[in-house]
Every structure is written in structure tokens, then in C-alpha cells.
$ cat model16.cif   # mmCIF, N, CA and C atoms
data_final
loop_
_atom_site.label_atom_id
_atom_site.label_comp_id
_atom_site.auth_asym_id
_atom_site.auth_seq_id
_atom_site.Cartn_x
_atom_site.Cartn_y
_atom_site.Cartn_z
N MET A 29 10.66 -13.60 18.10
CA MET A 29 11.07 -14.98 18.26
C MET A 29 10.18 -15.63 19.32
N THR A 30 9.74 -16.83 19.02
CA THR A 30 8.91 -17.56 19.98
C THR A 30 9.79 -18.20 21.05
N PRO A 31 9.22 -18.49 22.21
CA PRO A 31 10.01 -19.18 23.23
C PRO A 31 10.57 -20.52 22.73
N PHE A 32 9.78 -21.28 21.96
CA PHE A 32 10.28 -22.56 21.45
C PHE A 32 11.52 -22.37 20.59
N THR A 33 11.51 -21.37 19.73
CA THR A 33 12.67 -21.08 18.88
C THR A 33 13.87 -20.68 19.74
N ALA A 34 13.61 -19.90 20.77
CA ALA A 34 14.70 -19.50 21.68
C ALA A 34 15.28 -20.72 22.38
N TYR A 35 14.42 -21.62 22.85
CA TYR A 35 14.91 -22.82 23.53
C TYR A 35 15.72 -23.69 22.57
N ALA A 36 15.23 -23.86 21.35
CA ALA A 36 15.95 -24.68 20.37
C ALA A 36 17.30 -24.05 20.01
N THR A 37 17.31 -22.75 19.85
CA THR A 37 18.55 -22.04 19.53
C THR A 37 19.55 -22.16 20.67
N LEU A 38 19.08 -21.96 21.88
CA LEU A 38 19.95 -22.07 23.05
C LEU A 38 20.47 -23.49 23.22
N PHE A 39 19.61 -24.48 23.01
CA PHE A 39 20.04 -25.88 23.12
C PHE A 39 21.16 -26.16 22.13
N PHE A 40 20.96 -25.75 20.88
CA PHE A 40 21.98 -25.98 19.85
C PHE A 40 23.28 -25.26 20.21
N SER A 41 23.19 -24.04 20.66
CA SER A 41 24.38 -23.28 21.04
C SER A 41 25.09 -23.93 22.22
N ALA A 42 24.33 -24.35 23.22
CA ALA A 42 24.93 -24.99 24.40
C ALA A 42 25.55 -26.33 24.04
N PHE A 43 24.88 -27.09 23.18
CA PHE A 43 25.40 -28.39 22.76
C PHE A 43 26.73 -28.23 22.03
N THR A 44 26.75 -27.37 21.03
CA THR A 44 27.98 -27.20 20.24
C THR A 44 29.09 -26.56 21.06
N SER A 45 28.73 -25.73 22.03
CA SER A 45 29.75 -25.09 22.87
C SER A 45 30.52 -26.11 23.70
N ALA A 46 29.93 -27.27 23.95
CA ALA A 46 30.58 -28.30 24.76
C ALA A 46 31.32 -29.32 23.91
N THR A 47 31.38 -29.08 22.61
CA THR A 47 32.12 -29.97 21.72
C THR A 47 33.35 -29.22 21.22
N ILE A 48 34.02 -29.77 20.24
CA ILE A 48 35.19 -29.10 19.69
C ILE A 48 34.82 -27.92 18.82
N LEU A 49 33.53 -27.75 18.55
CA LEU A 49 33.07 -26.60 17.77
C LEU A 49 33.02 -25.37 18.67
N PRO A 50 33.32 -24.22 18.12
CA PRO A 50 33.28 -23.01 18.96
C PRO A 50 31.84 -22.58 19.23
N GLY A 51 31.65 -21.94 20.34
CA GLY A 51 30.33 -21.44 20.68
C GLY A 51 30.38 -20.59 21.93
N SER A 52 29.31 -19.86 22.16
CA SER A 52 29.24 -19.01 23.34
C SER A 52 27.81 -19.04 23.86
N SER A 53 27.46 -20.13 24.49
CA SER A 53 26.09 -20.31 24.96
C SER A 53 25.72 -19.33 26.06
N GLU A 54 26.70 -18.87 26.82
CA GLU A 54 26.40 -17.90 27.87
C GLU A 54 25.87 -16.61 27.27
N ALA A 55 26.46 -16.18 26.16
CA ALA A 55 26.00 -14.96 25.48
C ALA A 55 24.59 -15.15 24.92
N VAL A 56 24.32 -16.34 24.39
CA VAL A 56 22.98 -16.62 23.86
C VAL A 56 21.97 -16.60 25.01
N LEU A 57 22.29 -17.26 26.11
CA LEU A 57 21.41 -17.26 27.28
C LEU A 57 21.16 -15.83 27.75
N LEU A 58 22.21 -15.07 27.90
CA LEU A 58 22.08 -13.69 28.36
C LEU A 58 21.24 -12.87 27.38
N GLY A 59 21.43 -13.08 26.09
CA GLY A 59 20.64 -12.36 25.09
C GLY A 59 19.15 -12.63 25.23
N PHE A 60 18.79 -13.90 25.44
CA PHE A 60 17.38 -14.23 25.61
C PHE A 60 16.83 -13.69 26.93
N LEU A 61 17.64 -13.68 27.97
CA LEU A 61 17.19 -13.10 29.24
C LEU A 61 16.94 -11.60 29.09
N VAL A 62 17.85 -10.92 28.44
CA VAL A 62 17.71 -9.47 28.23
C VAL A 62 16.48 -9.17 27.38
N ALA A 63 16.27 -9.99 26.33
CA ALA A 63 15.13 -9.78 25.44
C ALA A 63 13.81 -10.22 26.06
N GLY A 64 13.88 -10.93 27.17
CA GLY A 64 12.66 -11.40 27.82
C GLY A 64 11.97 -12.51 27.05
N VAL A 65 12.73 -13.27 26.29
CA VAL A 65 12.16 -14.36 25.50
C VAL A 65 12.31 -15.66 26.28
N GLY A 66 11.20 -16.28 26.61
CA GLY A 66 11.23 -17.55 27.32
C GLY A 66 11.30 -17.37 28.82
N ASP A 67 11.02 -18.45 29.51
CA ASP A 67 11.08 -18.48 30.96
C ASP A 67 12.52 -18.64 31.41
N PRO A 68 13.01 -17.80 32.33
CA PRO A 68 14.42 -17.88 32.74
C PRO A 68 14.83 -19.24 33.30
N VAL A 69 13.97 -19.87 34.08
CA VAL A 69 14.30 -21.19 34.64
C VAL A 69 14.40 -22.23 33.53
N THR A 70 13.48 -22.17 32.59
CA THR A 70 13.51 -23.09 31.45
C THR A 70 14.74 -22.84 30.59
N LEU A 71 15.08 -21.57 30.39
CA LEU A 71 16.28 -21.25 29.60
C LEU A 71 17.52 -21.85 30.26
N VAL A 72 17.66 -21.71 31.56
CA VAL A 72 18.81 -22.28 32.27
C VAL A 72 18.79 -23.81 32.12
N GLY A 73 17.63 -24.42 32.30
CA GLY A 73 17.52 -25.87 32.17
C GLY A 73 17.90 -26.36 30.78
N VAL A 74 17.44 -25.66 29.76
CA VAL A 74 17.76 -26.03 28.38
C VAL A 74 19.27 -25.90 28.14
N ALA A 75 19.85 -24.83 28.64
CA ALA A 75 21.29 -24.62 28.48
C ALA A 75 22.09 -25.73 29.17
N VAL A 76 21.70 -26.09 30.38
CA VAL A 76 22.41 -27.14 31.11
C VAL A 76 22.29 -28.47 30.38
N VAL A 77 21.10 -28.84 29.96
CA VAL A 77 20.90 -30.13 29.28
C VAL A 77 21.66 -30.16 27.96
N GLY A 78 21.56 -29.10 27.17
CA GLY A 78 22.27 -29.06 25.90
C GLY A 78 23.77 -29.14 26.09
N ASN A 79 24.29 -28.39 27.04
CA ASN A 79 25.73 -28.38 27.29
C ASN A 79 26.21 -29.71 27.85
N LEU A 80 25.43 -30.31 28.72
CA LEU A 80 25.81 -31.61 29.28
C LEU A 80 25.80 -32.69 28.20
N LEU A 81 24.81 -32.68 27.33
CA LEU A 81 24.78 -33.65 26.23
C LEU A 81 25.97 -33.45 25.29
N GLY A 82 26.35 -32.22 25.04
CA GLY A 82 27.54 -31.96 24.23
C GLY A 82 28.79 -32.48 24.91
N SER A 83 28.85 -32.35 26.22
CA SER A 83 29.99 -32.88 26.97
C SER A 83 30.03 -34.40 26.92
N ILE A 84 28.88 -35.03 26.95
CA ILE A 84 28.84 -36.49 26.86
C ILE A 84 29.34 -36.94 25.49
N LEU A 85 28.98 -36.21 24.45
CA LEU A 85 29.52 -36.52 23.11
C LEU A 85 31.04 -36.36 23.10
N THR A 86 31.54 -35.30 23.70
CA THR A 86 32.98 -35.07 23.76
C THR A 86 33.67 -36.17 24.56
N TYR A 87 33.07 -36.59 25.65
CA TYR A 87 33.57 -37.71 26.44
C TYR A 87 33.65 -38.97 25.57
N ALA A 88 32.58 -39.26 24.83
CA ALA A 88 32.56 -40.44 23.97
C ALA A 88 33.64 -40.36 22.89
N MET A 89 33.86 -39.18 22.36
CA MET A 89 34.93 -39.02 21.37
C MET A 89 36.28 -39.40 21.98
N GLY A 90 36.54 -38.96 23.19
CA GLY A 90 37.79 -39.31 23.86
C GLY A 90 37.86 -40.79 24.18
N ARG A 91 36.76 -41.35 24.59
CA ARG A 91 36.74 -42.77 24.96
C ARG A 91 37.01 -43.69 23.78
N TYR A 92 36.44 -43.36 22.62
CA TYR A 92 36.57 -44.25 21.48
C TYR A 92 37.70 -43.86 20.52
N ALA A 93 38.05 -42.60 20.49
CA ALA A 93 39.13 -42.16 19.60
C ALA A 93 40.49 -42.59 20.10
N VAL A 94 40.62 -42.81 21.40
CA VAL A 94 41.91 -43.18 21.97
C VAL A 94 42.41 -44.51 21.40
N ALA A 95 41.53 -45.31 20.88
CA ALA A 95 41.93 -46.58 20.27
C ALA A 95 42.83 -46.36 19.05
N PHE A 96 42.79 -45.16 18.51
CA PHE A 96 43.58 -44.84 17.32
C PHE A 96 44.83 -44.03 17.65
N ARG A 97 45.19 -43.93 18.91
CA ARG A 97 46.28 -43.04 19.32
C ARG A 97 47.63 -43.43 18.74
N ASP A 98 47.81 -44.66 18.31
CA ASP A 98 49.08 -45.08 17.73
C ASP A 98 49.17 -44.81 16.23
N LYS A 99 48.11 -44.30 15.65
CA LYS A 99 48.10 -43.98 14.22
C LYS A 99 48.83 -42.66 13.98
N ARG A 100 49.48 -42.57 12.86
CA ARG A 100 50.25 -41.37 12.53
C ARG A 100 49.37 -40.13 12.42
N TRP A 101 48.14 -40.29 11.97
CA TRP A 101 47.24 -39.15 11.76
C TRP A 101 46.52 -38.70 13.03
N PHE A 102 46.69 -39.43 14.14
CA PHE A 102 46.01 -39.07 15.39
C PHE A 102 46.43 -37.67 15.81
N PRO A 103 45.47 -36.80 16.17
CA PRO A 103 45.80 -35.39 16.42
C PRO A 103 46.59 -35.11 17.70
N VAL A 104 46.80 -36.10 18.54
CA VAL A 104 47.52 -35.91 19.80
C VAL A 104 48.78 -36.77 19.76
N SER A 105 49.92 -36.16 20.01
CA SER A 105 51.17 -36.90 20.01
C SER A 105 51.23 -37.83 21.22
N PRO A 106 52.06 -38.88 21.16
CA PRO A 106 52.21 -39.75 22.34
C PRO A 106 52.64 -38.97 23.58
N ALA A 107 53.50 -37.98 23.41
CA ALA A 107 53.94 -37.18 24.56
C ALA A 107 52.78 -36.38 25.15
N GLN A 108 51.96 -35.79 24.30
CA GLN A 108 50.81 -35.04 24.77
C GLN A 108 49.82 -35.95 25.50
N TYR A 109 49.63 -37.13 24.96
CA TYR A 109 48.72 -38.10 25.58
C TYR A 109 49.25 -38.51 26.96
N ASP A 110 50.54 -38.77 27.03
CA ASP A 110 51.15 -39.15 28.32
C ASP A 110 51.03 -38.03 29.34
N ARG A 111 51.20 -36.78 28.91
CA ARG A 111 51.04 -35.64 29.82
C ARG A 111 49.60 -35.53 30.31
N ALA A 112 48.65 -35.73 29.39
CA ALA A 112 47.24 -35.66 29.77
C ALA A 112 46.91 -36.77 30.76
N GLN A 113 47.43 -37.96 30.52
CA GLN A 113 47.18 -39.06 31.44
C GLN A 113 47.79 -38.80 32.81
N ALA A 114 49.01 -38.28 32.83
CA ALA A 114 49.66 -37.96 34.11
C ALA A 114 48.88 -36.87 34.85
N TRP A 115 48.40 -35.88 34.12
CA TRP A 115 47.61 -34.80 34.72
C TRP A 115 46.33 -35.36 35.32
N TYR A 116 45.65 -36.21 34.57
CA TYR A 116 44.40 -36.79 35.05
C TYR A 116 44.66 -37.71 36.25
N ASP A 117 45.75 -38.47 36.19
CA ASP A 117 46.10 -39.32 37.33
C ASP A 117 46.37 -38.49 38.57
N ARG A 118 46.95 -37.31 38.38
CA ARG A 118 47.27 -36.44 39.52
C ARG A 118 46.03 -35.79 40.12
N TYR A 119 45.18 -35.22 39.27
CA TYR A 119 44.02 -34.47 39.76
C TYR A 119 42.74 -35.29 39.79
N GLY A 120 42.68 -36.34 39.00
CA GLY A 120 41.56 -37.27 39.02
C GLY A 120 40.24 -36.69 38.60
N TRP A 121 39.21 -37.39 39.01
CA TRP A 121 37.88 -37.04 38.53
C TRP A 121 37.36 -35.74 39.11
N TRP A 122 37.94 -35.25 40.21
CA TRP A 122 37.50 -33.96 40.74
C TRP A 122 37.73 -32.83 39.73
N SER A 123 38.70 -33.01 38.85
CA SER A 123 38.97 -31.99 37.84
C SER A 123 37.76 -31.75 36.94
N LEU A 124 36.86 -32.72 36.87
CA LEU A 124 35.69 -32.58 36.01
C LEU A 124 34.75 -31.47 36.49
N LEU A 125 34.87 -31.07 37.74
CA LEU A 125 34.09 -29.93 38.20
C LEU A 125 34.48 -28.65 37.46
N MET A 126 35.65 -28.66 36.82
CA MET A 126 36.11 -27.48 36.06
C MET A 126 35.77 -27.58 34.58
N ALA A 127 34.94 -28.53 34.20
CA ALA A 127 34.59 -28.71 32.79
C ALA A 127 33.81 -27.53 32.21
N TRP A 128 33.37 -26.63 33.04
CA TRP A 128 32.63 -25.45 32.57
C TRP A 128 33.58 -24.34 32.10
N VAL A 129 34.84 -24.44 32.44
CA VAL A 129 35.80 -23.37 32.14
C VAL A 129 36.09 -23.34 30.64
N PRO A 130 35.94 -22.18 30.00
CA PRO A 130 36.25 -22.09 28.57
C PRO A 130 37.69 -22.51 28.26
N LEU A 131 37.88 -23.14 27.14
CA LEU A 131 39.16 -23.61 26.62
C LEU A 131 39.73 -24.80 27.38
N VAL A 132 39.34 -25.01 28.63
CA VAL A 132 39.86 -26.10 29.44
C VAL A 132 38.84 -27.24 29.55
N GLY A 133 37.58 -26.88 29.60
CA GLY A 133 36.53 -27.86 29.87
C GLY A 133 36.40 -28.95 28.83
N ASP A 134 36.43 -28.59 27.57
CA ASP A 134 36.28 -29.61 26.52
C ASP A 134 37.42 -30.62 26.55
N PRO A 135 38.68 -30.17 26.64
CA PRO A 135 39.75 -31.16 26.76
C PRO A 135 39.63 -32.03 28.01
N LEU A 136 39.09 -31.48 29.10
CA LEU A 136 38.91 -32.29 30.31
C LEU A 136 37.96 -33.45 30.05
N THR A 137 36.88 -33.19 29.33
CA THR A 137 35.94 -34.28 29.08
C THR A 137 36.49 -35.28 28.08
N VAL A 138 37.31 -34.82 27.14
CA VAL A 138 37.97 -35.75 26.22
C VAL A 138 38.92 -36.66 27.01
N VAL A 139 39.70 -36.07 27.89
CA VAL A 139 40.65 -36.84 28.70
C VAL A 139 39.90 -37.81 29.60
N ALA A 140 38.79 -37.37 30.18
CA ALA A 140 38.00 -38.28 31.03
C ALA A 140 37.52 -39.48 30.22
N GLY A 141 37.14 -39.24 28.99
CA GLY A 141 36.75 -40.36 28.13
C GLY A 141 37.91 -41.27 27.81
N ALA A 142 39.04 -40.67 27.47
CA ALA A 142 40.23 -41.46 27.14
C ALA A 142 40.71 -42.27 28.34
N MET A 143 40.53 -41.73 29.54
CA MET A 143 40.96 -42.43 30.76
C MET A 143 39.86 -43.36 31.28
N ARG A 144 38.78 -43.44 30.54
CA ARG A 144 37.67 -44.34 30.86
C ARG A 144 37.04 -44.06 32.23
N ALA A 145 36.87 -42.78 32.52
CA ALA A 145 36.17 -42.41 33.75
C ALA A 145 34.73 -42.92 33.67
N ARG A 146 34.17 -43.23 34.81
CA ARG A 146 32.78 -43.72 34.83
C ARG A 146 31.85 -42.62 34.33
N LEU A 147 30.99 -42.99 33.37
CA LEU A 147 30.10 -42.01 32.75
C LEU A 147 29.18 -41.36 33.77
N ALA A 148 28.65 -42.11 34.72
CA ALA A 148 27.75 -41.54 35.73
C ALA A 148 28.46 -40.45 36.53
N LEU A 149 29.72 -40.67 36.86
CA LEU A 149 30.49 -39.68 37.60
C LEU A 149 30.76 -38.45 36.74
N VAL A 150 31.05 -38.67 35.47
CA VAL A 150 31.25 -37.56 34.53
C VAL A 150 29.99 -36.72 34.44
N ILE A 151 28.85 -37.37 34.28
CA ILE A 151 27.59 -36.64 34.16
C ILE A 151 27.32 -35.83 35.43
N LEU A 152 27.54 -36.43 36.59
CA LEU A 152 27.30 -35.73 37.85
C LEU A 152 28.20 -34.52 38.02
N LEU A 153 29.50 -34.70 37.88
CA LEU A 153 30.45 -33.61 38.13
C LEU A 153 30.40 -32.54 37.05
N VAL A 154 30.37 -32.95 35.80
CA VAL A 154 30.29 -31.97 34.71
C VAL A 154 28.96 -31.23 34.80
N GLY A 155 27.89 -31.96 35.07
CA GLY A 155 26.58 -31.33 35.19
C GLY A 155 26.52 -30.31 36.31
N LEU A 156 27.13 -30.62 37.44
CA LEU A 156 27.16 -29.65 38.55
C LEU A 156 27.88 -28.37 38.16
N GLY A 157 29.02 -28.52 37.51
CA GLY A 157 29.78 -27.34 37.09
C GLY A 157 29.03 -26.50 36.08
N LYS A 158 28.42 -27.16 35.12
CA LYS A 158 27.70 -26.42 34.08
C LYS A 158 26.43 -25.77 34.63
N PHE A 159 25.75 -26.48 35.53
CA PHE A 159 24.58 -25.90 36.18
C PHE A 159 24.98 -24.62 36.93
N GLY A 160 26.07 -24.70 37.68
CA GLY A 160 26.55 -23.53 38.41
C GLY A 160 26.87 -22.36 37.50
N ARG A 161 27.48 -22.65 36.36
CA ARG A 161 27.84 -21.57 35.43
C ARG A 161 26.59 -20.87 34.91
N TYR A 162 25.61 -21.61 34.47
CA TYR A 162 24.41 -20.99 33.90
C TYR A 162 23.57 -20.28 34.96
N VAL A 163 23.52 -20.84 36.16
CA VAL A 163 22.81 -20.17 37.25
C VAL A 163 23.52 -18.85 37.59
N PHE A 164 24.85 -18.86 37.56
CA PHE A 164 25.61 -17.65 37.81
C PHE A 164 25.29 -16.58 36.76
N VAL A 165 25.25 -16.98 35.49
CA VAL A 165 24.94 -16.01 34.42
C VAL A 165 23.53 -15.46 34.60
N ALA A 166 22.55 -16.34 34.80
CA ALA A 166 21.17 -15.89 34.93
C ALA A 166 20.97 -15.09 36.23
N GLY A 167 21.58 -15.56 37.31
CA GLY A 167 21.46 -14.85 38.57
C GLY A 167 22.13 -13.48 38.52
N GLY A 168 23.28 -13.43 37.87
CA GLY A 168 23.95 -12.14 37.70
C GLY A 168 23.12 -11.17 36.92
N TYR A 169 22.47 -11.66 35.86
CA TYR A 169 21.59 -10.78 35.09
C TYR A 169 20.40 -10.33 35.95
N ALA A 170 19.82 -11.25 36.72
CA ALA A 170 18.66 -10.90 37.56
C ALA A 170 19.04 -9.82 38.58
N LEU A 171 20.21 -9.95 39.17
CA LEU A 171 20.66 -8.94 40.14
C LEU A 171 20.94 -7.61 39.47
N TRP A 172 21.56 -7.67 38.30
CA TRP A 172 21.95 -6.46 37.57
C TRP A 172 20.72 -5.71 37.06
N SER A 173 19.70 -6.46 36.66
CA SER A 173 18.54 -5.81 36.02
C SER A 173 17.52 -5.28 37.01
N THR A 174 17.72 -5.52 38.29
CA THR A 174 16.73 -5.02 39.26
C THR A 174 17.10 -3.65 39.77
#
$ encode --input "model16.cif" --output "C-alpha cells"
Amino acid sequence: MTPFTAYATLFFSAFTSATILPGSSEAVLLGFLVAGVGDPVTLVGVAVVGNLLGSILTYAMGRYAVAFRDKRWFPVSPAQYDRAQAWYDRYGWWSLLMAWVPLVGDPLTVVAGAMRARLALVILLVGLGKFGRYVFVAGGYALWST
């Protein structure tokens, strides 16, 4: 596999992992690090950018889909929406630092969109969390492999 193919594969995996689609970009990153395919710093950068762009898409879905919350087919009940709003009101935008956490992170970005959080703040906080996660994976591998 060429480095370009590895970067494209990792980008796609990281992007989809930050949406409602399932994915495991950490495993893909680790696989490329173990195989020695691509530059580790570039791999981390590609993973962060792909995952952050996927989170921005998820944020946009929350921001624009909420207009349909009164429709019968909307996937979130009014009670669930009210709980999410109360949770976000309680913990606020700092909760976006946890957007890297599996199973929790994607709903956090949807809620941030629905609550109309400032996009620049979302990008900053979500990006910091995701950067930390990928650096932890790559750094852990670097320590383990020496």
C-alpha cells in the first residue's frame, strides 16, 4: 500500500467514525503505524482533520435537522430532546472536549448543533479532544514499540 492510499483510507475511516456511521479510525491508524506505512505525524494529522470534518458534518445535521423535531418521523422524541437540551444547558460547551469518546462523542456534536453552539468553538474544543486522542494512540504505539 502506498502512503497516499493509507492517508486516503485513514481520512475516510476517521471521517465516517465521527458521523452516525460506525467506524474505528484508531484501529486503522494503529494498523498503519504498525505496518510502517506513511509518516506518523502525517497519519495523525490526516486522522484529526478527517475526524474533525466528520464532526462538523454531524454538528450540521443537528443544527438543521432540529427544525423537523415536531414531525412524527423525527428520530428523537420530545422528551429525549428536552433531556439533551437540559444536559447541554447544565454542562455547556465544555462537554465538547469529550467529543472523542466513543458512543458519546457523536451525540455531543449533534446536540451542539441543535443547541446552535458557535461553530468556531465547536471546531476548537472538538479538535483539541480528537487531536489528543490520536496523539495518545500514536504516542502509545511509539512507546510500546521501542
$ closest_residue --input "model16.cif" --among "A:Val62, A:Met89, A:Leu153, A:Val129" --to "Gly141 in chain A" --atoms "only N, CA and C atoms"
A:Met89
$ resolve_selection --input "model16.cif" --expression "the PyMOL selection byres ((chain A and resi 91) around 6.5)" --output "list in words"
Thr86, Tyr87, Ala88, Met89, Gly90, Tyr92, Ala93, Val94, Ala95, Val138, Ala140, Gly141, Ala142, Met143 and Arg144 of chain A
$ residues_around --input "model16.cif" --residues "range 168-171 of chain A" --least-positions-apart "5" --cutoff "8 Å" --atoms "only N, CA and C atoms" --output "PyMOL selection string"
chain A and resi 58+61-62+162-163
$ residues_around --input "model16.cif" --residues "Ala46 in chain A" --least-positions-apart "3" --cutoff "7 Å" --atoms "only N, CA and C atoms" --output "PyMOL selection string"
chain A and resi 41-43+49-51+78-84+86+134
$ resolve_selection --input "model16.cif" --expression "the PyMOL selection byres (((chain A and resi 159 and name CA) around 9) and name CA)" --output "PyMOL selection string"
chain A and resi 72-73+75-77+128+154-158+160-164
$ write_last_selection --input "model16.cif" --atoms "N, CA and C atoms" --output "PDB file, in the coordinates of the input"
ATOM      1  N   VAL A  72      17.660 -21.710  31.560  1.00  0.00           N
ATOM      2  CA  VAL A  72      18.810 -22.280  32.270  1.00  0.00           C
ATOM      3  C   VAL A  72      18.790 -23.810  32.120  1.00  0.00           C
ATOM      4  N   GLY A  73      17.630 -24.420  32.300  1.00  0.00           N
ATOM      5  CA  GLY A  73      17.520 -25.870  32.170  1.00  0.00           C
ATOM      6  C   GLY A  73      17.900 -26.360  30.780  1.00  0.00           C
ATOM      7  N   ALA A  75      19.850 -24.830  28.640  1.00  0.00           N
ATOM      8  CA  ALA A  75      21.290 -24.620  28.480  1.00  0.00           C
ATOM      9  C   ALA A  75      22.090 -25.730  29.170  1.00  0.00           C
ATOM     10  N   VAL A  76      21.700 -26.090  30.380  1.00  0.00           N
ATOM     11  CA  VAL A  76      22.410 -27.140  31.110  1.00  0.00           C
ATOM     12  C   VAL A  76      22.290 -28.470  30.380  1.00  0.00           C
ATOM     13  N   VAL A  77      21.100 -28.840  29.960  1.00  0.00           N
ATOM     14  CA  VAL A  77      20.900 -30.130  29.280  1.00  0.00           C
ATOM     15  C   VAL A  77      21.660 -30.160  27.960  1.00  0.00           C
ATOM     16  N   TRP A 128      33.370 -26.630  33.040  1.00  0.00           N
ATOM     17  CA  TRP A 128      32.630 -25.450  32.570  1.00  0.00           C
ATOM     18  C   TRP A 128      33.580 -24.340  32.100  1.00  0.00           C
ATOM     19  N   VAL A 154      30.370 -32.950  35.800  1.00  0.00           N
ATOM     20  CA  VAL A 154      30.290 -31.970  34.710  1.00  0.00           C
ATOM     21  C   VAL A 154      28.960 -31.230  34.800  1.00  0.00           C
ATOM     22  N   GLY A 155      27.890 -31.960  35.070  1.00  0.00           N
ATOM     23  CA  GLY A 155      26.580 -31.330  35.190  1.00  0.00           C
ATOM     24  C   GLY A 155      26.520 -30.310  36.310  1.00  0.00           C
ATOM     25  N   LEU A 156      27.130 -30.620  37.440  1.00  0.00           N
ATOM     26  CA  LEU A 156      27.160 -29.650  38.550  1.00  0.00           C
ATOM     27  C   LEU A 156      27.880 -28.370  38.160  1.00  0.00           C
ATOM     28  N   GLY A 157      29.020 -28.520  37.510  1.00  0.00           N
ATOM     29  CA  GLY A 157      29.780 -27.340  37.090  1.00  0.00           C
ATOM     30  C   GLY A 157      29.030 -26.500  36.080  1.00  0.00           C
ATOM     31  N   LYS A 158      28.420 -27.160  35.120  1.00  0.00           N
ATOM     32  CA  LYS A 158      27.700 -26.420  34.080  1.00  0.00           C
ATOM     33  C   LYS A 158      26.430 -25.770  34.630  1.00  0.00           C
ATOM     34  N   GLY A 160      26.070 -24.700  37.680  1.00  0.00           N
ATOM     35  CA  GLY A 160      26.550 -23.530  38.410  1.00  0.00           C
ATOM     36  C   GLY A 160      26.870 -22.360  37.500  1.00  0.00           C
ATOM     37  N   ARG A 161      27.480 -22.650  36.360  1.00  0.00           N
ATOM     38  CA  ARG A 161      27.840 -21.570  35.430  1.00  0.00           C
ATOM     39  C   ARG A 161      26.590 -20.870  34.910  1.00  0.00           C
ATOM     40  N   TYR A 162      25.610 -21.610  34.470  1.00  0.00           N
ATOM     41  CA  TYR A 162      24.410 -20.990  33.900  1.00  0.00           C
ATOM     42  C   TYR A 162      23.570 -20.280  34.960  1.00  0.00           C
ATOM     43  N   VAL A 163      23.520 -20.840  36.160  1.00  0.00           N
ATOM     44  CA  VAL A 163      22.810 -20.170  37.250  1.00  0.00           C
ATOM     45  C   VAL A 163      23.520 -18.850  37.590  1.00  0.00           C
ATOM     46  N   PHE A 164      24.850 -18.860  37.560  1.00  0.00           N
ATOM     47  CA  PHE A 164      25.610 -17.650  37.810  1.00  0.00           C
ATOM     48  C   PHE A 164      25.290 -16.580  36.760  1.00  0.00           C
TER      49      PHE A 164
END
$ resolve_selection --input "model16.cif" --expression "the PyMOL selection byres (((chain A and resi 63 and name CA) around 12) and name CA)" --output "PyMOL selection string"
chain A and resi 29-31+34+56-62+64-68+169+173
$ select_by_dssp --input "model16.cif" --residues "range 39-165 of chain A" --states "alpha helix (DSSP H)" --output "number ranges by chain"
A: 39-45, 53-63, 68-93, 106-119, 133-142, 147-165
